[in-house]
Amino acid sequence: MDLGIRGRRAIVCAASKGLGRGCAMALAREGVDVTLSARGAEALAATAAEIRAATGVAVQTVVADMATVEGRTALLAACPTPDILVTNAGGPAPGDFRNWTRDTWLAALDANMLGPIELIKATIDPMIAQQFGRIINITSGAVKHPIDVLGLSNGARSGLTGFVSGLARSVARHNVTINNLLPGAHETDRVKVTMAAMAAQRGSTPEAMKAERAKAIPAGRFGDAMDFGAVCAFLCSLQAGYMTAQNVLVDGGAYSGVY
Ligand code: NAD
């Protein structure tokens with residue numbers, strides 16, 4: 001299926017590895033020119049080279065922390081008027097809320113709530129003016145079923161989710177859609193850290209935790225970044241223009257609620 005977005009420009013944040021990389025690759029395969037950001041130059045350059053070689057689209061890179069004003073300014077200078085924005089950042093570290101200070105919370109909010117909102121604020125009006133825009137926020141299945149050790153993530157992402165729910169409806173008539181994409185358990189560096197934390201808490205090993213978790217997923221396996229990227233590309237398509245303000249789980253059926 002032609003997704004109708006060839007020649008469009010996308011910003012994909014936190015795209016050197018993991019799910020951001022999967023989204024960038026999937027968009028590039030649809031002919032979208034991509035501007036990628038991450039904090040580490042080496043991994044970012046390697047990912048950009050792979051995407052260029054695989055797809056032939058124009059790929060720009062910006063070494064930037066999307067949780068900071070400076071990082072977002074640099075990213076927007078490289079691509080001031082994207083047609084597509086994919087917000088993403090590393091998730092907050094797991095832990096016990098008794099150990100978290102106000103600064104711990106503010107760092108989580110900067111990365112997983114306020115950073116995405118600032119990027120949306122900077123890019124949405126030109127999308128409205130041109131009557132096309134697609135915004136995807138990578139959040140987490142934890143928005144629907146919170147995970148105890150990931151309290152910072154549960155809190156910050158719920159704030160973004162609530163905000164976006166109102167905003168999406170206010171711009172829908174301009175063919176600007178905003179949807180959140182909720183990963184379940186995908187094989188990335190992030191999952192290794194989470195499995196290690198859960199193992200330490202439960203007196204188990206990361207390998208045992210991973211096997212146990214995979215068994216509990218109806219699909220019987222962890223997802224990968226391309227499973228995730230494919231859904232992102234579809235949500236950015238022309239065909240998905242009537243789909244907005246949704247929280248779309250990509251989790252192999254792990255969330256067992258009906259709604
Ligand atoms: P990852 O750790 O594998 O990759 C993170 C990428 O983000 C890396 O390229 C890193 O350089 C970049 N990055 C991190 N913080 C950044 C920042 N502030 N600015 C710019 N770049 C930054 O992570 P992932 O598994 O791809 O997860 C992506 C997001 O999805 C995270 O927020 C994570 O918490 C969330 N999530 C992932 C899963 C999963 O199964 N992988 C599940 C639920 C939620």
# chains A, B, ... in the order shown; residues from 1 in each chain; ligands from 1
>>> residues_near_ligand(ligand="ligand 1", cutoff="6 Å", atoms="only C-alpha atoms and all ligand atoms", output="PyMOL selection string")
chain A and resi 13-20+37-40+64-67+88-91+111+138-141+183-191
>>> select_by_dssp(residues="region 72-254 of chain A", states="strand (DSSP E or B)", output="list in words")
Ile84, Leu85, Val86, Thr87, Gly133, Arg134, Ile135, Ile136, Asn137, Ile138, Val176, Thr177, Ile178, Asn179, Asn180, Leu181, Leu182, Pro183, His186, Gly223, Asn247, Val248, Leu249 and Val250 of chain A
>>> closest_residue(among="A:Ala28, A:Ala48, A:Ile147, A:Ile117", to="Ile135 (chain A)", atoms="only C-alpha atoms")
A:Ile117
>>> closest_residue(among="A:Ala142, A:Val250, A:Val149, A:Ala168", to="Ala230 (chain A)", atoms="only C-alpha atoms")
A:Val250
>>> select_by_dssp(residues="region 7-233 of chain A", states="alpha helix (DSSP H)", output="PyMOL selection string")
chain A and resi 18-29+41-55+69-78+102-109+115-130+151-171+189-202+206-216+225-233
>>> atom_distance(atom1="CA of Glu50 (chain A)", atom2="CA of Leu75 (chain A)")
20.3 Å
>>> residues_around(residues="Ile178 (chain A)", least_positions_apart="5", cutoff="8 Å", atoms="only C-alpha atoms", output="ChimeraX atom specification")
/A:134-137,164,168,244-246
>>> write_last_selection(atoms="all heavy atoms", output="PDB file, in the first residue's frame")
ATOM      1  N   ARG A 134       1.131  15.203  10.818  1.00  0.00           N
ATOM      2  CA  ARG A 134       0.984  13.949  11.566  1.00  0.00           C
ATOM      3  C   ARG A 134       1.949  14.004  12.749  1.00  0.00           C
ATOM      4  O   ARG A 134       3.158  14.153  12.554  1.00  0.00           O
ATOM      5  CB  ARG A 134       1.335  12.737  10.687  1.00  0.00           C
ATOM      6  CG  ARG A 134       0.437  12.563   9.456  1.00  0.00           C
ATOM      7  CD  ARG A 134      -0.929  12.000   9.832  1.00  0.00           C
ATOM      8  NE  ARG A 134      -1.757  11.727   8.679  1.00  0.00           N
ATOM      9  CZ  ARG A 134      -2.668  12.590   8.185  1.00  0.00           C
ATOM     10  NH1 ARG A 134      -2.858  13.775   8.736  1.00  0.00           N
ATOM     11  NH2 ARG A 134      -3.393  12.243   7.125  1.00  0.00           N
ATOM     12  N   ILE A 135       1.404  13.894  13.946  1.00  0.00           N
ATOM     13  CA  ILE A 135       2.238  13.905  15.146  1.00  0.00           C
ATOM     14  C   ILE A 135       2.028  12.593  15.887  1.00  0.00           C
ATOM     15  O   ILE A 135       0.889  12.192  16.150  1.00  0.00           O
ATOM     16  CB  ILE A 135       1.884  15.113  16.050  1.00  0.00           C
ATOM     17  CG1 ILE A 135       2.164  16.421  15.296  1.00  0.00           C
ATOM     18  CG2 ILE A 135       2.680  15.053  17.361  1.00  0.00           C
ATOM     19  CD1 ILE A 135       1.690  17.679  16.026  1.00  0.00           C
ATOM     20  N   ILE A 136       3.139  11.949  16.177  1.00  0.00           N
ATOM     21  CA  ILE A 136       3.092  10.690  16.918  1.00  0.00           C
ATOM     22  C   ILE A 136       3.956  10.872  18.162  1.00  0.00           C
ATOM     23  O   ILE A 136       5.117  11.298  18.062  1.00  0.00           O
ATOM     24  CB  ILE A 136       3.731   9.528  16.094  1.00  0.00           C
ATOM     25  CG1 ILE A 136       3.118   9.413  14.694  1.00  0.00           C
ATOM     26  CG2 ILE A 136       3.645   8.219  16.871  1.00  0.00           C
ATOM     27  CD1 ILE A 136       1.680   9.004  14.650  1.00  0.00           C
ATOM     28  N   ASN A 137       3.410  10.550  19.299  1.00  0.00           N
ATOM     29  CA  ASN A 137       4.205  10.553  20.532  1.00  0.00           C
ATOM     30  C   ASN A 137       4.436   9.105  20.953  1.00  0.00           C
ATOM     31  O   ASN A 137       3.463   8.356  21.137  1.00  0.00           O
ATOM     32  CB  ASN A 137       3.462  11.289  21.655  1.00  0.00           C
ATOM     33  CG  ASN A 137       3.155  12.726  21.278  1.00  0.00           C
ATOM     34  OD1 ASN A 137       4.071  13.504  21.016  1.00  0.00           O
ATOM     35  ND2 ASN A 137       1.878  13.067  21.217  1.00  0.00           N
ATOM     36  N   VAL A 164      -2.525  15.959  25.158  1.00  0.00           N
ATOM     37  CA  VAL A 164      -2.672  15.690  23.725  1.00  0.00           C
ATOM     38  C   VAL A 164      -4.114  15.357  23.357  1.00  0.00           C
ATOM     39  O   VAL A 164      -4.585  15.686  22.270  1.00  0.00           O
ATOM     40  CB  VAL A 164      -1.704  14.535  23.346  1.00  0.00           C
ATOM     41  CG1 VAL A 164      -2.161  13.790  22.132  1.00  0.00           C
ATOM     42  CG2 VAL A 164      -0.304  15.088  23.149  1.00  0.00           C
ATOM     43  N   ALA A 168      -5.477  17.389  20.246  1.00  0.00           N
ATOM     44  CA  ALA A 168      -5.728  16.667  18.992  1.00  0.00           C
ATOM     45  C   ALA A 168      -7.101  17.028  18.429  1.00  0.00           C
ATOM     46  O   ALA A 168      -7.265  17.212  17.220  1.00  0.00           O
ATOM     47  CB  ALA A 168      -5.628  15.161  19.221  1.00  0.00           C
ATOM     48  N   THR A 244      -7.449  10.109  14.995  1.00  0.00           N
ATOM     49  CA  THR A 244      -6.703  11.056  15.822  1.00  0.00           C
ATOM     50  C   THR A 244      -7.087  10.908  17.285  1.00  0.00           C
ATOM     51  O   THR A 244      -8.119  10.313  17.613  1.00  0.00           O
ATOM     52  CB  THR A 244      -6.924  12.509  15.329  1.00  0.00           C
ATOM     53  OG1 THR A 244      -5.908  13.344  15.916  1.00  0.00           O
ATOM     54  CG2 THR A 244      -8.300  13.063  15.685  1.00  0.00           C
ATOM     55  N   ALA A 245      -6.211  11.416  18.160  1.00  0.00           N
ATOM     56  CA  ALA A 245      -6.432  11.401  19.616  1.00  0.00           C
ATOM     57  C   ALA A 245      -6.507   9.982  20.175  1.00  0.00           C
ATOM     58  O   ALA A 245      -7.163   9.756  21.186  1.00  0.00           O
ATOM     59  CB  ALA A 245      -7.705  12.186  19.983  1.00  0.00           C
ATOM     60  N   GLN A 246      -5.823   9.059  19.502  1.00  0.00           N
ATOM     61  CA  GLN A 246      -5.884   7.668  19.947  1.00  0.00           C
ATOM     62  C   GLN A 246      -4.600   7.259  20.681  1.00  0.00           C
ATOM     63  O   GLN A 246      -3.528   7.789  20.432  1.00  0.00           O
ATOM     64  CB  GLN A 246      -6.093   6.740  18.749  1.00  0.00           C
ATOM     65  CG  GLN A 246      -7.399   6.991  18.016  1.00  0.00           C
ATOM     66  CD  GLN A 246      -8.606   6.902  18.935  1.00  0.00           C
ATOM     67  OE1 GLN A 246      -8.844   5.895  19.578  1.00  0.00           O
ATOM     68  NE2 GLN A 246      -9.366   7.990  19.014  1.00  0.00           N
TER      69      GLN A 246
END
>>> closest_residue(among="A:Leu160, A:Arg221, A:Gly95, A:Leu109", to="Ala200 (chain A)", atoms="only C-alpha atoms")
A:Gly95
>>> residues_around(residues="Met195 (chain A)", least_positions_apart="2", cutoff="7 Å", atoms="only C-alpha atoms", output="PDB file with N, CA, C and O atoms, in the first residue's frame")
ATOM      1  N   VAL A 191      14.601  -2.239  27.262  1.00  0.00           N
ATOM      2  CA  VAL A 191      14.001  -3.420  27.880  1.00  0.00           C
ATOM      3  C   VAL A 191      15.020  -4.153  28.748  1.00  0.00           C
ATOM      4  O   VAL A 191      14.688  -4.664  29.822  1.00  0.00           O
ATOM      5  N   LYS A 192      16.266  -4.159  28.297  1.00  0.00           N
ATOM      6  CA  LYS A 192      17.308  -4.838  29.096  1.00  0.00           C
ATOM      7  C   LYS A 192      17.421  -4.185  30.476  1.00  0.00           C
ATOM      8  O   LYS A 192      17.527  -4.864  31.489  1.00  0.00           O
ATOM      9  N   VAL A 193      17.372  -2.844  30.515  1.00  0.00           N
ATOM     10  CA  VAL A 193      17.476  -2.123  31.793  1.00  0.00           C
ATOM     11  C   VAL A 193      16.261  -2.433  32.670  1.00  0.00           C
ATOM     12  O   VAL A 193      16.387  -2.716  33.863  1.00  0.00           O
ATOM     13  N   ALA A 197      16.087  -4.336  36.356  1.00  0.00           N
ATOM     14  CA  ALA A 197      15.514  -3.723  37.565  1.00  0.00           C
ATOM     15  C   ALA A 197      14.442  -4.622  38.169  1.00  0.00           C
ATOM     16  O   ALA A 197      14.385  -4.813  39.392  1.00  0.00           O
ATOM     17  N   MET A 198      13.602  -5.188  37.323  1.00  0.00           N
ATOM     18  CA  MET A 198      12.533  -6.056  37.833  1.00  0.00           C
ATOM     19  C   MET A 198      13.139  -7.318  38.452  1.00  0.00           C
ATOM     20  O   MET A 198      12.668  -7.800  39.482  1.00  0.00           O
ATOM     21  N   ALA A 199      14.206  -7.827  37.827  1.00  0.00           N
ATOM     22  CA  ALA A 199      14.862  -9.029  38.353  1.00  0.00           C
ATOM     23  C   ALA A 199      15.448  -8.746  39.731  1.00  0.00           C
ATOM     24  O   ALA A 199      15.292  -9.551  40.663  1.00  0.00           O
ATOM     25  N   PRO A 206      17.774 -11.341  34.892  1.00  0.00           N
ATOM     26  CA  PRO A 206      17.156 -10.689  33.735  1.00  0.00           C
ATOM     27  C   PRO A 206      16.671 -11.699  32.696  1.00  0.00           C
ATOM     28  O   PRO A 206      15.595 -11.530  32.121  1.00  0.00           O
ATOM     29  N   MET A 209      13.471 -13.249  33.921  1.00  0.00           N
ATOM     30  CA  MET A 209      12.385 -12.267  33.833  1.00  0.00           C
ATOM     31  C   MET A 209      11.887 -12.141  32.399  1.00  0.00           C
ATOM     32  O   MET A 209      10.698 -12.039  32.125  1.00  0.00           O
ATOM     33  N   LYS A 210      12.866 -12.144  31.467  1.00  0.00           N
ATOM     34  CA  LYS A 210      12.515 -11.952  30.059  1.00  0.00           C
ATOM     35  C   LYS A 210      11.687 -13.146  29.553  1.00  0.00           C
ATOM     36  O   LYS A 210      10.659 -12.971  28.881  1.00  0.00           O
TER      37      LYS A 210
END
>>> closest_residue(among="A:Gly71, A:Pro94, A:Gly133, A:Gly220", to="Gly151 (chain A)", atoms="only C-alpha atoms")
A:Pro94
>>> closest_residue(among="A:Ala214, A:Ile51, A:Val143, A:Val59", to="Leu249 (chain A)", atoms="only C-alpha atoms")
A:Val143
>>> closest_residue(among="A:Met113, A:Ala10, A:Cys236, A:Leu181", to="Leu85 (chain A)", atoms="only C-alpha atoms")
A:Ala10
>>> residues_around(residues="Leu76 (chain A)", least_positions_apart="2", cutoff="10 Å", atoms="only C-alpha atoms", output="list in words")
Ile11, Thr35, Val62, Glu70, Gly71, Arg72, Thr73, Ala74, Ala78, Cys79, Pro80, Thr81, Pro82, Leu119, Ala122 and Thr123 of chain A
>>> residues_around(residues="Asp2 (chain A)", least_positions_apart="3", cutoff="10 Å", atoms="only C-alpha atoms", output="list in words")
Ile5, Arg6, Glu30, Gly31, Phe234, Ser237, Leu238 and Gln239 of chain A
>>> atom_distance(atom1="CA of Arg8 (chain A)", atom2="CA of Met127 (chain A)")
11.7 Å
